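The structure file input.pdb is reproduced below (PDB, C-alpha atoms, pLDDT in the B column).
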ATOM      1  CA  MET P  11      -7.424  -1.339  30.028  1.00 42.00           C
ATOM      2  CA  PRO P  12     -11.261  -1.320  29.952  1.00 46.00           C
ATOM      3  CA  HIS P  13     -11.230   1.690  27.591  1.00 55.00           C
ATOM      4  CA  LEU P  14      -9.425  -0.328  24.894  1.00 64.00           C
ATOM      5  CA  SER P  15     -11.836  -2.163  22.612  1.00 77.00           C
ATOM      6  CA  ARG P  16      -9.278  -3.607  20.169  1.00 86.00           C
ATOM      7  CA  ILE P  17      -5.543  -4.323  20.234  1.00 91.00           C
ATOM      8  CA  ARG P  18      -3.692  -5.501  17.139  1.00 93.00           C
ATOM      9  CA  LEU P  19      -0.539  -7.648  17.406  1.00 93.00           C
ATOM     10  CA  ARG P  20       1.393  -7.900  14.130  1.00 92.00           C
ATOM     11  CA  LEU P  21       4.689  -9.183  12.869  1.00 91.00           C
ATOM     12  CA  THR P  22       7.359  -6.508  13.197  1.00 91.00           C
ATOM     13  CA  TRP P  23       9.216  -5.016  10.241  1.00 92.00           C
ATOM     14  CA  ARG P  24      12.280  -6.854  11.500  1.00 90.00           C
ATOM     15  CA  GLN P  25      10.363 -10.137  11.133  1.00 91.00           C
ATOM     16  CA  ARG P  26       8.972  -9.325   7.685  1.00 91.00           C
ATOM     17  CA  ARG P  27      11.868  -7.533   6.008  1.00 91.00           C
ATOM     18  CA  ALA P  28      13.892 -10.541   4.774  1.00 90.00           C
ATOM     19  CA  PHE P  29      10.919 -11.871   2.811  1.00 92.00           C
ATOM     20  CA  VAL P  30       9.812  -8.444   1.558  1.00 93.00           C
ATOM     21  CA  LEU P  31      13.307  -7.444   0.429  1.00 94.00           C
ATOM     22  CA  THR P  32      13.881 -10.820  -1.245  1.00 94.00           C
ATOM     23  CA  VAL P  33      10.649 -10.437  -3.230  1.00 94.00           C
ATOM     24  CA  LEU P  34      11.575  -6.888  -4.260  1.00 93.00           C
ATOM     25  CA  GLY P  35      15.027  -8.098  -5.320  1.00 94.00           C
ATOM     26  CA  TYR P  36      13.447 -10.918  -7.337  1.00 92.00           C
ATOM     27  CA  GLN P  37      11.182  -8.459  -9.146  1.00 91.00           C
ATOM     28  CA  GLY P  38      14.123  -6.145  -9.823  1.00 92.00           C
ATOM     29  CA  LEU P  39      16.183  -8.969 -11.340  1.00 92.00           C
ATOM     30  CA  VAL P  40      13.300 -10.250 -13.481  1.00 91.00           C
ATOM     31  CA  TRP P  41      12.529  -6.804 -14.879  1.00 89.00           C
ATOM     32  CA  ALA P  42      16.211  -6.013 -15.429  1.00 91.00           C
ATOM     33  CA  ASP P  43      16.562  -9.280 -17.369  1.00 91.00           C
ATOM     34  CA  VAL P  44      13.448  -8.580 -19.445  1.00 88.00           C
ATOM     35  CA  LEU P  45      14.311  -4.956 -20.216  1.00 88.00           C
ATOM     36  CA  LEU P  46      18.092  -5.125 -20.531  1.00 89.00           C
ATOM     37  CA  ASN P  47      18.848  -8.708 -21.658  1.00 86.00           C
ATOM     38  CA  ASP P  48      15.716  -9.630 -23.614  1.00 86.00           C
ATOM     39  CA  GLY P  49      15.043 -12.384 -21.082  1.00 85.00           C
ATOM     40  CA  ARG P  50      18.260 -14.376 -21.674  1.00 88.00           C
ATOM     41  CA  PHE P  51      18.264 -15.534 -18.028  1.00 89.00           C
ATOM     42  CA  GLY P  52      14.626 -16.612 -18.002  1.00 87.00           C
ATOM     43  CA  GLY P  53      12.911 -13.312 -17.304  1.00 86.00           C
ATOM     44  CA  ASN P  54       9.545 -13.225 -19.064  1.00 88.00           C
ATOM     45  CA  ALA P  55       5.883 -12.511 -18.443  1.00 84.00           C
ATOM     46  CA  ARG P  56       5.408 -15.720 -16.423  1.00 89.00           C
ATOM     47  CA  THR P  57       8.284 -15.011 -14.039  1.00 90.00           C
ATOM     48  CA  ALA P  58       7.069 -11.431 -13.672  1.00 86.00           C
ATOM     49  CA  LEU P  59       3.564 -12.752 -12.892  1.00 89.00           C
ATOM     50  CA  ALA P  60       5.049 -15.072 -10.261  1.00 91.00           C
ATOM     51  CA  GLY P  61       6.782 -12.006  -8.833  1.00 89.00           C
ATOM     52  CA  VAL P  62       3.447 -10.203  -8.623  1.00 91.00           C
ATOM     53  CA  ALA P  63       2.055 -13.142  -6.634  1.00 93.00           C
ATOM     54  CA  PHE P  64       5.088 -12.910  -4.331  1.00 93.00           C
ATOM     55  CA  LEU P  65       4.501  -9.159  -3.960  1.00 92.00           C
ATOM     56  CA  LEU P  66       0.912  -9.835  -2.870  1.00 93.00           C
ATOM     57  CA  MET P  67       2.201 -12.373  -0.339  1.00 92.00           C
ATOM     58  CA  ALA P  68       4.758  -9.851   0.934  1.00 92.00           C
ATOM     59  CA  ALA P  69       2.017  -7.238   1.320  1.00 91.00           C
ATOM     60  CA  ALA P  70      -0.142  -9.775   3.179  1.00 90.00           C
ATOM     61  CA  THR P  71       2.529 -10.125   5.867  1.00 89.00           C
ATOM     62  CA  TRP P  72       1.296  -6.782   7.200  1.00 89.00           C
ATOM     63  CA  TRP P  73      -2.228  -8.207   7.633  1.00 90.00           C
ATOM     64  CA  ILE P  74      -1.147 -11.426   9.387  1.00 89.00           C
ATOM     65  CA  GLY P  75      -1.403 -11.305  13.151  1.00 92.00           C
ATOM     66  CA  THR P  76      -3.807 -11.357  16.040  1.00 95.00           C
ATOM     67  CA  SER P  77      -6.434  -8.914  17.291  1.00 94.00           C
ATOM     68  CA  LEU P  78      -7.789  -8.768  20.796  1.00 94.00           C
ATOM     69  CA  THR P  79     -11.398  -7.601  20.924  1.00 92.00           C
ATOM     70  CA  ARG P  80     -14.087  -7.564  23.573  1.00 89.00           C
ATOM     71  CA  ARG P  81     -15.781 -10.599  22.032  1.00 88.00           C
ATOM     72  CA  GLY P  82     -12.663 -12.702  21.564  1.00 91.00           C
ATOM     73  CA  LEU P  83      -9.329 -13.376  19.973  1.00 94.00           C
ATOM     74  CA  VAL P  84      -9.243 -12.831  16.199  1.00 94.00           C
ATOM     75  CA  VAL P  85      -6.598 -14.831  14.336  1.00 94.00           C
ATOM     76  CA  HIS P  86      -5.847 -13.087  11.042  1.00 93.00           C
ATOM     77  CA  ALA P  87      -5.057 -15.955   8.692  1.00 86.00           C
ATOM     78  CA  LEU P  88      -6.749 -17.759   5.835  1.00 84.00           C
ATOM     79  CA  PRO P  89      -9.487 -18.308   6.828  1.00 87.00           C
ATOM     80  CA  PRO P  90      -9.794 -15.834   9.720  1.00 89.00           C
ATOM     81  CA  MET P  91     -10.762 -17.373  13.038  1.00 91.00           C
ATOM     82  CA  VAL P  92     -12.509 -15.896  16.076  1.00 92.00           C
ATOM     83  CA  ILE P  93     -12.036 -17.594  19.444  1.00 93.00           C
ATOM     84  CA  PRO P  94     -14.477 -16.242  22.053  1.00 92.00           C
ATOM     85  CA  TRP P  95     -12.806 -15.462  25.387  1.00 92.00           C
ATOM     86  CA  GLU P  96     -15.069 -17.873  27.271  1.00 90.00           C
ATOM     87  CA  GLN P  97     -13.703 -20.759  25.157  1.00 91.00           C
ATOM     88  CA  VAL P  98     -10.036 -19.959  25.922  1.00 92.00           C
ATOM     89  CA  ALA P  99      -8.636 -22.354  28.531  1.00 92.00           C
ATOM     90  CA  ALA P 100      -4.973 -21.293  28.510  1.00 93.00           C
ATOM     91  CA  ILE P 101      -2.427 -19.122  26.722  1.00 95.00           C
ATOM     92  CA  GLU P 102       1.001 -20.710  26.583  1.00 96.00           C
ATOM     93  CA  VAL P 103       4.407 -19.750  25.189  1.00 96.00           C
ATOM     94  CA  GLN P 104       6.083 -22.716  23.524  1.00 95.00           C
ATOM     95  CA  HIS P 105       9.615 -23.142  22.197  1.00 95.00           C
ATOM     96  CA  GLN P 106       9.751 -24.513  18.653  1.00 90.00           C
ATOM     97  CA  LEU P 107      13.035 -24.849  16.749  1.00 90.00           C
ATOM     98  CA  GLY P 108      14.683 -22.020  18.674  1.00 91.00           C
ATOM     99  CA  SER P 109      11.710 -19.690  18.371  1.00 93.00           C
ATOM    100  CA  GLN P 110       9.018 -18.778  20.857  1.00 95.00           C
ATOM    101  CA  VAL P 111       5.394 -18.922  19.722  1.00 95.00           C
ATOM    102  CA  VAL P 112       2.084 -18.339  21.481  1.00 96.00           C
ATOM    103  CA  VAL P 113      -0.349 -21.258  21.567  1.00 96.00           C
ATOM    104  CA  VAL P 114      -3.971 -20.775  22.632  1.00 96.00           C
ATOM    105  CA  HIS P 115      -5.752 -23.777  24.147  1.00 95.00           C
ATOM    106  CA  HIS P 116      -9.507 -23.444  23.617  1.00 93.00           C
ATOM    107  CA  ARG P 117     -12.658 -25.509  23.583  1.00 87.00           C
ATOM    108  CA  ASP P 118     -14.430 -26.114  20.299  1.00 78.00           C
ATOM    109  CA  ALA P 119     -17.532 -24.123  19.438  1.00 71.00           C
ATOM    110  CA  GLY P 120     -19.657 -27.282  19.201  1.00 67.00           C
ATOM    111  CA  GLY P 121     -19.848 -27.559  22.976  1.00 63.00           C
ATOM    112  CA  LEU P 122     -18.289 -31.027  23.040  1.00 70.00           C
ATOM    113  CA  GLY P 123     -15.539 -29.854  25.373  1.00 71.00           C
ATOM    114  CA  VAL P 124     -12.758 -30.889  22.991  1.00 78.00           C
ATOM    115  CA  VAL P 125      -9.690 -28.754  23.619  1.00 86.00           C
ATOM    116  CA  ARG P 126      -7.968 -27.479  20.486  1.00 90.00           C
ATOM    117  CA  ARG P 127      -4.600 -25.818  20.139  1.00 93.00           C
ATOM    118  CA  THR P 128      -4.140 -22.833  17.855  1.00 93.00           C
ATOM    119  CA  LYS P 129      -0.671 -21.450  17.206  1.00 93.00           C
ATOM    120  CA  LEU P 130      -0.740 -17.685  16.694  1.00 93.00           C
ATOM    121  CA  SER P 131       1.284 -16.184  13.843  1.00 90.00           C
ATOM    122  CA  ALA P 132       1.955 -13.104  15.973  1.00 92.00           C
ATOM    123  CA  PRO P 133       3.396 -12.452  18.450  1.00 94.00           C
ATOM    124  CA  THR P 134       6.428 -14.639  17.862  1.00 93.00           C
ATOM    125  CA  THR P 135      10.167 -14.263  18.283  1.00 94.00           C
ATOM    126  CA  GLY P 136      13.247 -16.191  17.266  1.00 92.00           C
ATOM    127  CA  PRO P 137      16.778 -15.950  15.937  1.00 90.00           C
ATOM    128  CA  LEU P 138      15.706 -15.038  12.383  1.00 85.00           C
ATOM    129  CA  GLY P 139      12.932 -12.660  13.441  1.00 88.00           C
ATOM    130  CA  ARG P 140      13.457 -11.173  16.871  1.00 91.00           C
ATOM    131  CA  ASP P 141      10.650  -9.198  18.496  1.00 93.00           C
ATOM    132  CA  ASP P 142      12.085  -7.255  21.418  1.00 93.00           C
ATOM    133  CA  GLU P 143       8.561  -6.618  22.730  1.00 94.00           C
ATOM    134  CA  PHE P 144       7.487 -10.280  22.639  1.00 95.00           C
ATOM    135  CA  GLN P 145       7.141 -10.694  26.416  1.00 95.00           C
ATOM    136  CA  ASP P 146       5.200  -7.417  26.679  1.00 95.00           C
ATOM    137  CA  LYS P 147       2.819  -8.548  23.922  1.00 95.00           C
ATOM    138  CA  VAL P 148       2.250 -11.898  25.664  1.00 96.00           C
ATOM    139  CA  ARG P 149       1.571 -10.031  28.914  1.00 95.00           C
ATOM    140  CA  VAL P 150      -0.976  -7.780  27.143  1.00 94.00           C
ATOM    141  CA  LEU P 151      -2.618 -10.839  25.555  1.00 94.00           C
ATOM    142  CA  ARG P 152      -2.973 -12.614  28.901  1.00 94.00           C
ATOM    143  CA  THR P 153      -4.161  -9.450  30.675  1.00 92.00           C
ATOM    144  CA  PHE P 154      -6.775  -8.763  27.988  1.00 92.00           C
ATOM    145  CA  TRP P 155      -7.960 -12.386  28.226  1.00 92.00           C
ATOM    146  CA  ALA P 156      -8.174 -12.227  32.036  1.00 91.00           C
ATOM    147  CA  ALA P 157     -10.110  -8.943  31.963  1.00 89.00           C
ATOM    148  CA  HIS P 158     -12.651 -10.113  29.398  1.00 86.00           C
ATOM    149  CA  ARG P 159     -12.955 -13.678  30.669  1.00 80.00           C
ATOM    150  CA  ASP P 160     -13.833 -12.326  34.128  1.00 66.00           C
ATOM    151  CA  ALA P 161     -16.263  -9.830  32.617  1.00 54.00           C
ATOM    152  CA  ASP P 162     -18.014 -12.591  30.673  1.00 47.00           C
ATOM    153  CA  THR P 163     -18.150 -14.813  33.767  1.00 45.00           C
ATOM    154  CA  ALA P 164     -19.501 -11.992  35.937  1.00 41.00           C
ATOM    155  CA  VAL P 165     -22.352 -11.292  33.508  1.00 40.00           C
ATOM    156  CA  ALA P 166     -23.361 -14.952  33.177  1.00 38.00           C
TER     157      ALA P 166
END
Show me the file's structure as structure tokens.
Amino acid sequence: MPHLSRIRLRLTWRQRRAFVLTVLGYQGLVWADVLLNDGRFGGNARTALAGVAFLLMAAATWWIGTSLTRRGLVVHALPPMVIPWEQVAAIEVQHQLGSQVVVVHHRDAGGLGVVRRTKLSAPTTGPLGRDDEFQDKVRVLRTFWAAHRDADTAVA
């Protein structure tokens, strides 16, 4: 794995499709109401604008996830967060409401030694959004962390 400089873990299409298809259906109904019924069911410019905001959110589901780089773990969220490998204390899989999520335990950047917990948006798996490769992704995450944590420790 030393030749890999970046690995990207994203939500799968299976995890994103319900939201994306719902938003597309919403837009279709709004525009059908506006064009065919003159907005009798509430379709107008404001509902179409709300649909555009939903479309942007649906498109953003492709961006959400986690990247593994040589310098650390990059959490793609708002705002993005970088956790250097030397600050990571543990990577744990937790069960929450029937789903499995990855939680990273890490020290704060201020050097106070306070351990924080950051839940990653990807990888995740559960009954409504199954990721058949979840365990493999967790294994890659832990292996990447172990390889780069040891490299950072060896240099220091």
Determine, using only C-alpha atoms, which residues of region 43-155 of chain P have any atom at most 7 Å from an atom of region 14-29 of chain P, and tabulate each with its shortest atom pair and distance in Å to one decimal place, rows ordered by chain and then rising number, as CSV.
residue,atom,partner,partner_atom,distance
P:Ala68,CA,P:Phe29,CA,6.7
P:Thr71,CA,P:Arg26,CA,6.7
P:Ile74,CA,P:Arg20,CA,6.4
P:Gly75,CA,P:Arg20,CA,4.5
P:Thr76,CA,P:Leu19,CA,5.1
P:Ser77,CA,P:Arg18,CA,4.4
P:Leu78,CA,P:Ile17,CA,5.0
P:Thr79,CA,P:Arg16,CA,4.6
P:Arg80,CA,P:Ser15,CA,5.9
P:Ala132,CA,P:Arg20,CA,5.5
P:Pro133,CA,P:Leu19,CA,6.3
P:Gly139,CA,P:Gln25,CA,4.3
P:Arg140,CA,P:Gln25,CA,6.6
P:Asp141,CA,P:Thr22,CA,6.8
Original post:
So how many Å separate CA of Val84 (chain P) and CA of Val30 (chain P), to one decimal?
Top reply: 24.4 Å
Original post:
Quick one: residues within 10 Å of region 128-130 of chain P, all atoms listed in the file counted, chain neighbours fewer than 5 positions away excluded, as a list in words?
Top reply: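 Answer for this query is Ile74, Gly75, Thr76, Val84, Val85, His86, Ala87, Met91, Ile93, Ile101, Glu102, Val103, Gln104, Val111, Val112, Val113, Val114, His115 and His116 of chain P.
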Original post:
Counting only C-alpha atoms, which of P:Val150, P:Leu59, P:Ala156, P:Leu39 gets nearest to Ala99 (chain P)?
Top reply: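 Looking at the shortest contact to Ala99 (chain P), the residue is P:Ala156.
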Original post:
Which residues fall under the PyMOL selection byres ((chain P and resi 64) around 12) in this file, as JSON, numbers by chain?
Top reply: {"P": [29, 30, 31, 32, 33, 34, 35, 36, 37, 57, 58, 59, 60, 61, 62, 63, 65, 66, 67, 68, 69, 70, 71]}
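With all atoms listed in the file as the atoms that count, the residue of P:Ala119, P:Trp155, P:Leu88, P:Ser109 with the shortest distance to Thr135 (chain P) is P:Ser109.
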Original post:
P:Asn54, P:Thr153, P:Gln145, P:Thr134: which is nearest Gln110 (chain P), counting all atoms listed in the file?
Top reply: P:Thr134
Would you mind putting N, CA, C and O atoms back on region 96-115 of chain P and writing the result as a PDB file, in the coordinates of the input?
ATOM      1  N   GLU P  96     -14.576 -16.841  26.362  1.00 90.00           N
ATOM      2  CA  GLU P  96     -15.069 -17.873  27.271  1.00 90.00           C
ATOM      3  C   GLU P  96     -14.639 -19.275  26.857  1.00 90.00           C
ATOM      4  O   GLU P  96     -14.711 -20.208  27.647  1.00 90.00           O
ATOM      5  N   GLN P  97     -14.180 -19.449  25.621  1.00 91.00           N
ATOM      6  CA  GLN P  97     -13.703 -20.759  25.157  1.00 91.00           C
ATOM      7  C   GLN P  97     -12.204 -20.949  25.392  1.00 91.00           C
ATOM      8  O   GLN P  97     -11.698 -22.063  25.267  1.00 91.00           O
ATOM      9  N   VAL P  98     -11.480 -19.865  25.715  1.00 92.00           N
ATOM     10  CA  VAL P  98     -10.036 -19.959  25.922  1.00 92.00           C
ATOM     11  C   VAL P  98      -9.759 -20.571  27.282  1.00 92.00           C
ATOM     12  O   VAL P  98     -10.236 -20.092  28.313  1.00 92.00           O
ATOM     13  N   ALA P  99      -8.985 -21.667  27.283  1.00 92.00           N
ATOM     14  CA  ALA P  99      -8.636 -22.354  28.531  1.00 92.00           C
ATOM     15  C   ALA P  99      -7.253 -21.939  29.028  1.00 92.00           C
ATOM     16  O   ALA P  99      -7.030 -21.868  30.238  1.00 92.00           O
ATOM     17  N   ALA P 100      -6.329 -21.677  28.116  1.00 93.00           N
ATOM     18  CA  ALA P 100      -4.973 -21.293  28.510  1.00 93.00           C
ATOM     19  C   ALA P 100      -4.261 -20.610  27.350  1.00 93.00           C
ATOM     20  O   ALA P 100      -4.579 -20.852  26.185  1.00 93.00           O
ATOM     21  N   ILE P 101      -3.299 -19.766  27.700  1.00 95.00           N
ATOM     22  CA  ILE P 101      -2.427 -19.122  26.722  1.00 95.00           C
ATOM     23  C   ILE P 101      -1.008 -19.473  27.135  1.00 95.00           C
ATOM     24  O   ILE P 101      -0.581 -19.145  28.237  1.00 95.00           O
ATOM     25  N   GLU P 102      -0.298 -20.153  26.244  1.00 96.00           N
ATOM     26  CA  GLU P 102       1.001 -20.710  26.583  1.00 96.00           C
ATOM     27  C   GLU P 102       2.056 -20.248  25.579  1.00 96.00           C
ATOM     28  O   GLU P 102       1.778 -20.105  24.390  1.00 96.00           O
ATOM     29  N   VAL P 103       3.267 -20.031  26.060  1.00 96.00           N
ATOM     30  CA  VAL P 103       4.407 -19.750  25.189  1.00 96.00           C
ATOM     31  C   VAL P 103       5.177 -21.053  25.033  1.00 96.00           C
ATOM     32  O   VAL P 103       5.564 -21.667  26.027  1.00 96.00           O
ATOM     33  N   GLN P 104       5.356 -21.481  23.794  1.00 95.00           N
ATOM     34  CA  GLN P 104       6.083 -22.716  23.524  1.00 95.00           C
ATOM     35  C   GLN P 104       7.355 -22.404  22.741  1.00 95.00           C
ATOM     36  O   GLN P 104       7.407 -21.444  21.973  1.00 95.00           O
ATOM     37  N   HIS P 105       8.360 -23.249  22.936  1.00 95.00           N
ATOM     38  CA  HIS P 105       9.615 -23.142  22.197  1.00 95.00           C
ATOM     39  C   HIS P 105       9.578 -24.147  21.056  1.00 95.00           C
ATOM     40  O   HIS P 105       9.360 -25.333  21.290  1.00 95.00           O
ATOM     41  N   GLN P 106       9.755 -23.647  19.828  1.00 90.00           N
ATOM     42  CA  GLN P 106       9.751 -24.513  18.653  1.00 90.00           C
ATOM     43  C   GLN P 106      10.916 -24.133  17.756  1.00 90.00           C
ATOM     44  O   GLN P 106      10.940 -23.034  17.207  1.00 90.00           O
ATOM     45  N   LEU P 107      11.880 -25.039  17.625  1.00 90.00           N
ATOM     46  CA  LEU P 107      13.035 -24.849  16.749  1.00 90.00           C
ATOM     47  C   LEU P 107      13.765 -23.536  17.036  1.00 90.00           C
ATOM     48  O   LEU P 107      14.132 -22.803  16.122  1.00 90.00           O
ATOM     49  N   GLY P 108      13.956 -23.221  18.290  1.00 91.00           N
ATOM     50  CA  GLY P 108      14.683 -22.020  18.674  1.00 91.00           C
ATOM     51  C   GLY P 108      13.847 -20.756  18.721  1.00 91.00           C
ATOM     52  O   GLY P 108      14.345 -19.701  19.086  1.00 91.00           O
ATOM     53  N   SER P 109      12.604 -20.846  18.340  1.00 93.00           N
ATOM     54  CA  SER P 109      11.710 -19.690  18.371  1.00 93.00           C
ATOM     55  C   SER P 109      10.696 -19.853  19.496  1.00 93.00           C
ATOM     56  O   SER P 109      10.465 -20.960  19.979  1.00 93.00           O
ATOM     57  N   GLN P 110      10.094 -18.746  19.885  1.00 95.00           N
ATOM     58  CA  GLN P 110       9.018 -18.778  20.857  1.00 95.00           C
ATOM     59  C   GLN P 110       7.730 -18.378  20.149  1.00 95.00           C
ATOM     60  O   GLN P 110       7.693 -17.371  19.442  1.00 95.00           O
ATOM     61  N   VAL P 111       6.694 -19.188  20.328  1.00 95.00           N
ATOM     62  CA  VAL P 111       5.394 -18.922  19.722  1.00 95.00           C
ATOM     63  C   VAL P 111       4.328 -18.988  20.805  1.00 95.00           C
ATOM     64  O   VAL P 111       4.507 -19.626  21.836  1.00 95.00           O
ATOM     65  N   VAL P 112       3.205 -18.320  20.552  1.00 96.00           N
ATOM     66  CA  VAL P 112       2.084 -18.339  21.481  1.00 96.00           C
ATOM     67  C   VAL P 112       1.068 -19.362  20.983  1.00 96.00           C
ATOM     68  O   VAL P 112       0.684 -19.340  19.817  1.00 96.00           O
ATOM     69  N   VAL P 113       0.652 -20.240  21.879  1.00 96.00           N
ATOM     70  CA  VAL P 113      -0.349 -21.258  21.567  1.00 96.00           C
ATOM     71  C   VAL P 113      -1.543 -21.029  22.476  1.00 96.00           C
ATOM     72  O   VAL P 113      -1.388 -20.893  23.693  1.00 96.00           O
ATOM     73  N   VAL P 114      -2.728 -20.961  21.882  1.00 96.00           N
ATOM     74  CA  VAL P 114      -3.971 -20.775  22.632  1.00 96.00           C
ATOM     75  C   VAL P 114      -4.687 -22.121  22.712  1.00 96.00           C
ATOM     76  O   VAL P 114      -4.943 -22.748  21.681  1.00 96.00           O
ATOM     77  N   HIS P 115      -4.974 -22.557  23.929  1.00 95.00           N
ATOM     78  CA  HIS P 115      -5.752 -23.777  24.147  1.00 95.00           C
ATOM     79  C   HIS P 115      -7.198 -23.341  24.344  1.00 95.00           C
ATOM     80  O   HIS P 115      -7.481 -22.513  25.217  1.00 95.00           O
TER      81      HIS P 115
END
